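Below: one structure, written as structure tokens.
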Amino acid sequence: MTTAKKTLTTRLIEQKTLIALIIMVIVVSLLNPNFFTTGNILNTLRQTAVNAIIAVGMTMVILTAGIDLSVGSILALCGAISASLIASELPVFIAVTAALAAGAIVGGFSGIVIAKGKVQAFIATLVSMTLVRGLTLVYTDGRPISTGFTDVADSFAFIGTGHMLGIPVPIWIMAFTFLAAWYLLNHTRLGRYIYALGGNEAATRLSGINVDRIKIAVYSMCGLLSALAGLIVTSRLSSAQPTAGAGYELDAIAAVVLGGTSLMGGKGTIIGTLLGALIIGVLNNALNLLDVSSYYQMIAKALVILLAVLIDTKSK
Amino acid sequence: MGTELLKLEGIEKSFPGVKALDGVNLTVTAGRVMALMGENGAGKSTLMKVLTGIYKRDAGSMTYLGKKTEFKGPAQSQAAGISIIHQELNLLPELSIAENIFLGREKTGAFGNIQWNTMYREADELLQRLGVTRSSKTRLGDLGIGEQQMVEIAKALSFESRVIIMDEPTDALTDTETRALFTVINELRDAGYGVVYISHRLKEIFEICDDVTILRDGKFIAEMPVKDITEDRLIELMVGRKLEDQYPRIAVAKGNVSLETDNISAAGVNQVCLQVSEGEIVGIAGLMGAGRTELMKAIFGANPLTDGCINLNGKKITINTPKDALDAGIAFISEDRKADGLVLGLSVKENMTLSALRHFSHASGQLHHSKERDAVDEYIDTFNIKTPGRHQPVGNLSGGNQQKVAIAKGLMTRPKILILDEPTRGVDVGAKKEIYQLINTFKKEGMSIILVSSDMPEILGMSDRIIVMHEGCISGEFTAAEANQENIMACAVGKKR
Ligand SMILES: Nc1ncnc2c1ncn2[C@@H]1O[C@H](COP(=O)(O)OP(=O)(O)OP(=O)(O)O)[C@@H](O)[C@H]1O
Ligand SMILES: [Mg+2]
């Protein structure tokens with residue numbers, strides 16, 4: 001029996017998402033010469049960062065055969081928390097920690113409801129989504145919170161607008177998040193358990209693994225990453241919008257699915273999600289460059305996602 | 001000789017890294033039962049999947065009812081009159097028995113309304129024919145795995161077929177159920193059906209089959225009438241060498257009592273006192289539904305105890321979850337590898353180490369890849385698991401090889417007490433013996449072993465002590481010397497000794 005070593009070409013062909021991305025980049029570059037410039041590429045990556053970071057959390061949730069609809073609401077709540085703390089001139093470190101902790105706690109709450117309450121993830125996170133949006137509106141009184149014009153606000157703005165080695169900070173955060181998630185999924189016990197849980201919950205439980213704890217961990221990580229995305233958005237605008245992040249869950253789910261992760265759980269990769277998020281990012285950017293109105297953009301985006309998913313299921 | 005219904009010639013089929021079939025022939029004749037024999041991974045199930053159009057063959061020809069035929073999928077072969085009972089059950093637990101049997105071809109009236117009464121009546125008739133006493137309105141998930149298998153068989157019978165294929169149908173069946181199935185097979189033969197029968201139980205082959213086709217490593221070895229072959233010769237053709245002494249029992253001095261259940265009750269289990277010592281194999285016999293699996297799951301913390309307690313080495317311990325049990329050194333290998341034994345989508349490696357991942361990672365949770373790899377390769381080697389590599393998804397392995405992975409997974413935790421629930425189900429003769437020898441090695445090392453099995457020769461051949469269960473209670477206990485098929489059966493049906 002020969003070992004199933006795959007050649008480089010078969011590996012590449014399997015990477016349909018990568019091919020789709022490359023084709024898209026080529027087509028867009030031909031249509032608009034402004035696309036393939038360093039400035040625009042960095043711009044695209046920066047715009048992708050928020051969705052990509054949420055999609056990382058979403059990947060882990062979906063790998064366990066769950067779903068998280070509350071990411072957009074968490075983004076708004078944690079943005080508002082950080083903005084109000086910055087506005088009262090608390091140190092950036094405290095504002096960031098508080099926002100991340102709040103995200104993790106809200107996510108963990110969904111996780112507990114799902115694991116201990118045996119509520120379906122769709123329902124539980126639908127509840128969180130509504131509840132957290134309500135909390136945000138109450139907390140902000142329905143008005144944007146400005147971070148103010150203090151020194152603290154200036155340093156807080158670094159998260160969304162700053163550069164390091166010529167590269168925007170959100171891109172660094174995105175890169176770091178993917179690296180960490182890749183490591184977690186491929187090189188730690190928890191990562192292995194996440195795949196096992198999504199593949200067969202009963203078998204995982206019978207293998208002596210505390211399944212409830214994994215679920216709670218996964219939803220809190222997703223909450224934490226949504227909060228991180230919220231920090232970037234808030235910092236960039238120097239203010240928190242109570243309606244921020246509405247509909248972001250769909251972009252994140254789209255990125256995960258485009259990346260080849262199965263909604264049934266147990267199958268998928270974080271690199272796929274990165275590519276999926278980049279496809280959506282490039283698409284948004286290209287449609288802007290090509291002056292497509294934002295109404296048509298939505299339609300175009302939907303069609304591209306449908307096409308990609310169809311190609312994926314057909315070739316299976 | 002009846003007419004030839006189906007002829008396969010020179011069939012070839014490869015998967016990435018595996019040549020599963022390499023020039024295989026098979027003939028099915030009306031009014032005869034053809035046995036298909038071969039070791040785990042020999043290609044039996046694959047051949048049946050090629051035949052029914054689930055897999056596309058790479059080469060070879062297929063003649064059905066005198067015409068060269070090509071099935072594009074199971075729906076086509078089904079419509080043409082070939083029905084198959086797959087090795088792995090394909091039923092929907094939330095639906096009733098009748099709904100499962102008639103799935104996709106519900107009996108409808110003039111307005112597309114489902115005629116429930118007709119459906120239930122016809123399903124009940126089928127069940128009766130197979131000797132199943134359940135009503136066809138029962139939810140499938142409420143049945144044991146053996147009864148579910150009977151439903152699969154009823155479903156296959158409900159089609160208007162010429163050829164019926166059974167891939168290890170008796171794997172999960174009790175003796176009574178097996179007898180009922182044989183009666184049906186005899187009826188089918190008399191009615192002129194062609195039957196293909198796959199099993200690892202040699203006794204059954206000699207009892208029910210007319211001809212036998214033997215495969216080894218995907219190659220066609222021989223086809224001959226069953227009456228022209230002896231059991232030993234058959235094994236030799238299958239395995240490629242001679243095998244002696246199927247049950248290599250060894251004598252080991254019994255150590256201290258390691259595990260003791262003190263009057264425990266749980267779902268399906270009633271006031272059970274059970275003791276196992278170091279270096280002892282305790283066999284648990286009983287009929288399907290006697291509460292054997294339930295007892296094991298209760299000991300393992302998968303089902304909660306409602307009464308009684310468990311002592312380990314003389315000390316009372318609390319086991320609330322499987323994790324507690326594993327931490328205490330108890331490993332459990334489930335009888336139902338698809339439902340709760342394995343994660344089929346994950347690789348051989350990932351499954352094997354799932355329970356024991358702590359041994360293969362640092363305290364920080366970081367995996368120790370090389371250590372894991374070495375251990376997995378060692379087990380693949382000792383268990384002789386047929387796989388192109390440790391990265392192969394377990395779901396792509398043959399049934400028997402999946403079972404070996406499940407056992408390896410339990411052993412990876414280095415247990416002191418090993419609970420095996422039907423460990424050799426679907427495992428071929430050669431591999432069975434390998435598993436028995438491994439069990440014996442652990443016994444010699446002082447492991448306490450509980451062996452739940454419906455295979456009477458296995459229980460008799462391997463156990464030092466045999467406990468029989470009936471309706472959740474212990475109904476008899478024998479030493480290896482006292483036990484025989486008759487007194488075990490008597491206790492199993494509830495006649496107190
Ligand atoms: N979908 C698949 N992908 C890759 N390899 C496969 C697939 N299905 C089967 N194989 C391989 O083909 C070989 C034959 O498998 P098959 O299931 O036909 O064996 P079998 O004779 O039915 O064995 P058993 O008695 O254990 O059921 C095995 O080595 C198996 O690993
Ligand atoms: Mg098979």
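In the structure tokens, chains take letters A, B, ... by order of appearance, with residues numbered from 1 within each chain and ligands from 1 in the order shown.
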
**Request:** Would you give me, as number ranges by chain, the residues of chain B that come within 6 Å of chain A, using only C-alpha atoms?
**Result:** B: 17, 322-323, 340-343, 355, 365-367, 388-389

May I have the residues from that selection written out with N, CA, C and O atoms, as a JSON list (two decimals), in the first residue's frame?
[["chain", "number", "residue", "atom", "x", "y", "z"],
["B", 17, "GLY", "N", -4.32, 6.24, -2.81],
["B", 17, "GLY", "CA", -3.40, 5.48, -1.97],
["B", 17, "GLY", "C", -3.78, 4.04, -1.72],
["B", 17, "GLY", "O", -3.05, 3.30, -1.11],
["B", 322, "PRO", "N", -17.76, 10.27, 31.94],
["B", 322, "PRO", "CA", -16.73, 9.39, 31.38],
["B", 322, "PRO", "C", -15.32, 9.86, 31.74],
["B", 322, "PRO", "O", -14.42, 9.06, 31.90],
["B", 323, "LYS", "N", -15.17, 11.16, 31.90],
["B", 323, "LYS", "CA", -13.85, 11.68, 32.26],
["B", 323, "LYS", "C", -13.42, 11.14, 33.62],
["B", 323, "LYS", "O", -12.28, 10.73, 33.81],
["B", 340, "ASP", "N", -21.34, 6.40, 18.84],
["B", 340, "ASP", "CA", -20.61, 7.06, 19.92],
["B", 340, "ASP", "C", -19.20, 6.51, 20.15],
["B", 340, "ASP", "O", -18.57, 6.82, 21.14],
["B", 341, "GLY", "N", -18.71, 5.72, 19.20],
["B", 341, "GLY", "CA", -17.36, 5.18, 19.37],
["B", 341, "GLY", "C", -16.30, 6.02, 18.69],
["B", 341, "GLY", "O", -15.25, 6.29, 19.25],
["B", 342, "LEU", "N", -16.57, 6.45, 17.47],
["B", 342, "LEU", "CA", -15.56, 7.14, 16.69],
["B", 342, "LEU", "C", -16.12, 8.44, 16.09],
["B", 342, "LEU", "O", -17.31, 8.58, 15.94],
["B", 343, "VAL", "N", -15.22, 9.34, 15.77],
["B", 343, "VAL", "CA", -15.60, 10.53, 15.00],
["B", 343, "VAL", "C", -15.18, 10.22, 13.56],
["B", 343, "VAL", "O", -14.02, 10.32, 13.21],
["B", 355, "SER", "N", -9.10, 10.09, 23.47],
["B", 355, "SER", "CA", -9.31, 9.92, 24.91],
["B", 355, "SER", "C", -8.04, 10.19, 25.70],
["B", 355, "SER", "O", -8.09, 10.55, 26.87],
["B", 365, "GLY", "N", -1.23, 22.42, 27.14],
["B", 365, "GLY", "CA", -2.26, 22.09, 26.16],
["B", 365, "GLY", "C", -1.70, 21.96, 24.76],
["B", 365, "GLY", "O", -2.40, 21.62, 23.82],
["B", 366, "GLN", "N", -0.41, 22.22, 24.63],
["B", 366, "GLN", "CA", 0.23, 22.12, 23.32],
["B", 366, "GLN", "C", 0.47, 20.65, 22.96],
["B", 366, "GLN", "O", 0.94, 19.88, 23.79],
["B", 367, "LEU", "N", 0.13, 20.28, 21.75],
["B", 367, "LEU", "CA", 0.26, 18.88, 21.35],
["B", 367, "LEU", "C", 1.72, 18.51, 21.12],
["B", 367, "LEU", "O", 2.51, 19.30, 20.64],
["B", 388, "PRO", "N", -4.02, 3.56, 4.39],
["B", 388, "PRO", "CA", -2.88, 4.13, 3.68],
["B", 388, "PRO", "C", -2.01, 4.98, 4.59],
["B", 388, "PRO", "O", -0.89, 5.31, 4.21],
["B", 389, "GLY", "N", -2.52, 5.36, 5.74],
["B", 389, "GLY", "CA", -1.70, 6.15, 6.63],
["B", 389, "GLY", "C", -2.52, 6.66, 7.79],
["B", 389, "GLY", "O", -3.74, 6.52, 7.80]]

**Message:** List as a list in words the protein and nucleic acid residues lying within 6 Å of ligand 2, with only C-alpha atoms and all ligand atoms counted.
**Reply:** Lys44, Ser45, Ser398 and Gly399 of chain B

Could you please take those selected residues and save C-alpha atoms as a tab-separated table (two decimals), in the first residue's frame?
chain	number	residue	atom	x	y	z
B	44	LYS	CA	-16.17	-6.77	0.08
B	45	SER	CA	-18.13	-3.67	0.94
B	398	SER	CA	-13.38	-0.93	6.26
B	399	GLY	CA	-15.75	-1.81	9.11

**Asked** Please, which residues have at least one atom within 9 Å of an atom of ligand 1, using only C-alpha atoms and all ligand atoms, listed as a PyMOL selection string?
**Response** (chain A and resi 1) or (chain B and resi 13-21+36-49+55+87+167-168+198-200+215-218+385-388+392-403+426-428)

Which residues are close to Leu181 of chain B, i.e. within 9 Å by only C-alpha atoms, leaving aside same-chain residues fewer than 5 positions away? Reply as a PDB file with N, CA, C and O atoms, in the first residue's frame.
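The result, stored in result_4.pdb:
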ATOM      1  N   LEU B 130     -40.134 -11.350   9.899  1.00  0.00           N
ATOM      2  CA  LEU B 130     -38.785 -11.422  10.448  1.00  0.00           C
ATOM      3  C   LEU B 130     -38.785 -11.743  11.941  1.00  0.00           C
ATOM      4  O   LEU B 130     -37.741 -11.729  12.585  1.00  0.00           O
ATOM      5  N   GLY B 131     -39.989 -11.966  12.473  1.00  0.00           N
ATOM      6  CA  GLY B 131     -40.058 -12.330  13.888  1.00  0.00           C
ATOM      7  C   GLY B 131     -39.809 -11.178  14.834  1.00  0.00           C
ATOM      8  O   GLY B 131     -39.458 -11.382  15.991  1.00  0.00           O
ATOM      9  N   MET B 150     -32.706  -5.328  11.928  1.00  0.00           N
ATOM     10  CA  MET B 150     -33.851  -6.056  11.382  1.00  0.00           C
ATOM     11  C   MET B 150     -34.715  -5.121  10.532  1.00  0.00           C
ATOM     12  O   MET B 150     -35.287  -5.533   9.528  1.00  0.00           O
ATOM     13  N   ILE B 153     -33.253  -4.834   7.218  1.00  0.00           N
ATOM     14  CA  ILE B 153     -33.533  -6.027   6.431  1.00  0.00           C
ATOM     15  C   ILE B 153     -34.970  -5.975   5.901  1.00  0.00           C
ATOM     16  O   ILE B 153     -35.225  -6.243   4.722  1.00  0.00           O
ATOM     17  N   PRO B 169     -25.072  -8.823   7.912  1.00  0.00           N
ATOM     18  CA  PRO B 169     -26.368  -8.518   8.507  1.00  0.00           C
ATOM     19  C   PRO B 169     -26.510  -9.026   9.936  1.00  0.00           C
ATOM     20  O   PRO B 169     -27.263  -8.461  10.720  1.00  0.00           O
ATOM     21  N   THR B 170     -25.794 -10.069  10.288  1.00  0.00           N
ATOM     22  CA  THR B 170     -26.002 -10.660  11.613  1.00  0.00           C
ATOM     23  C   THR B 170     -25.078 -10.067  12.663  1.00  0.00           C
ATOM     24  O   THR B 170     -25.113 -10.478  13.819  1.00  0.00           O
ATOM     25  N   THR B 176     -31.707 -15.600  18.175  1.00  0.00           N
ATOM     26  CA  THR B 176     -33.085 -15.751  17.702  1.00  0.00           C
ATOM     27  C   THR B 176     -33.311 -14.943  16.437  1.00  0.00           C
ATOM     28  O   THR B 176     -33.922 -15.422  15.473  1.00  0.00           O
ATOM     29  N   ASN B 186     -33.830 -18.541   3.425  1.00  0.00           N
ATOM     30  CA  ASN B 186     -34.248 -19.798   2.782  1.00  0.00           C
ATOM     31  C   ASN B 186     -35.482 -19.597   1.915  1.00  0.00           C
ATOM     32  O   ASN B 186     -35.571 -20.126   0.807  1.00  0.00           O
TER      33      ASN B 186
END

**Message:** Env of Asn32 of chain A: 9 Å cut, atoms = only C-alpha atoms, seq-sep filter 6 positions within chain, self excluded. Answer as a ChimeraX atom specification.
**Reply:** /A:286,289-290

Just-selected residues, C-alpha atoms written as a PDB file, in the first residue's frame:
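Ended up saving to selection21.pdb:
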ATOM      1  CA  ALA A 286     -13.499  46.138  -6.400  1.00  0.00           C
ATOM      2  CA  LEU A 289     -13.424  51.008  -7.392  1.00  0.00           C
ATOM      3  CA  LEU A 290     -15.707  50.118 -10.281  1.00  0.00           C
TER       4      LEU A 290
END
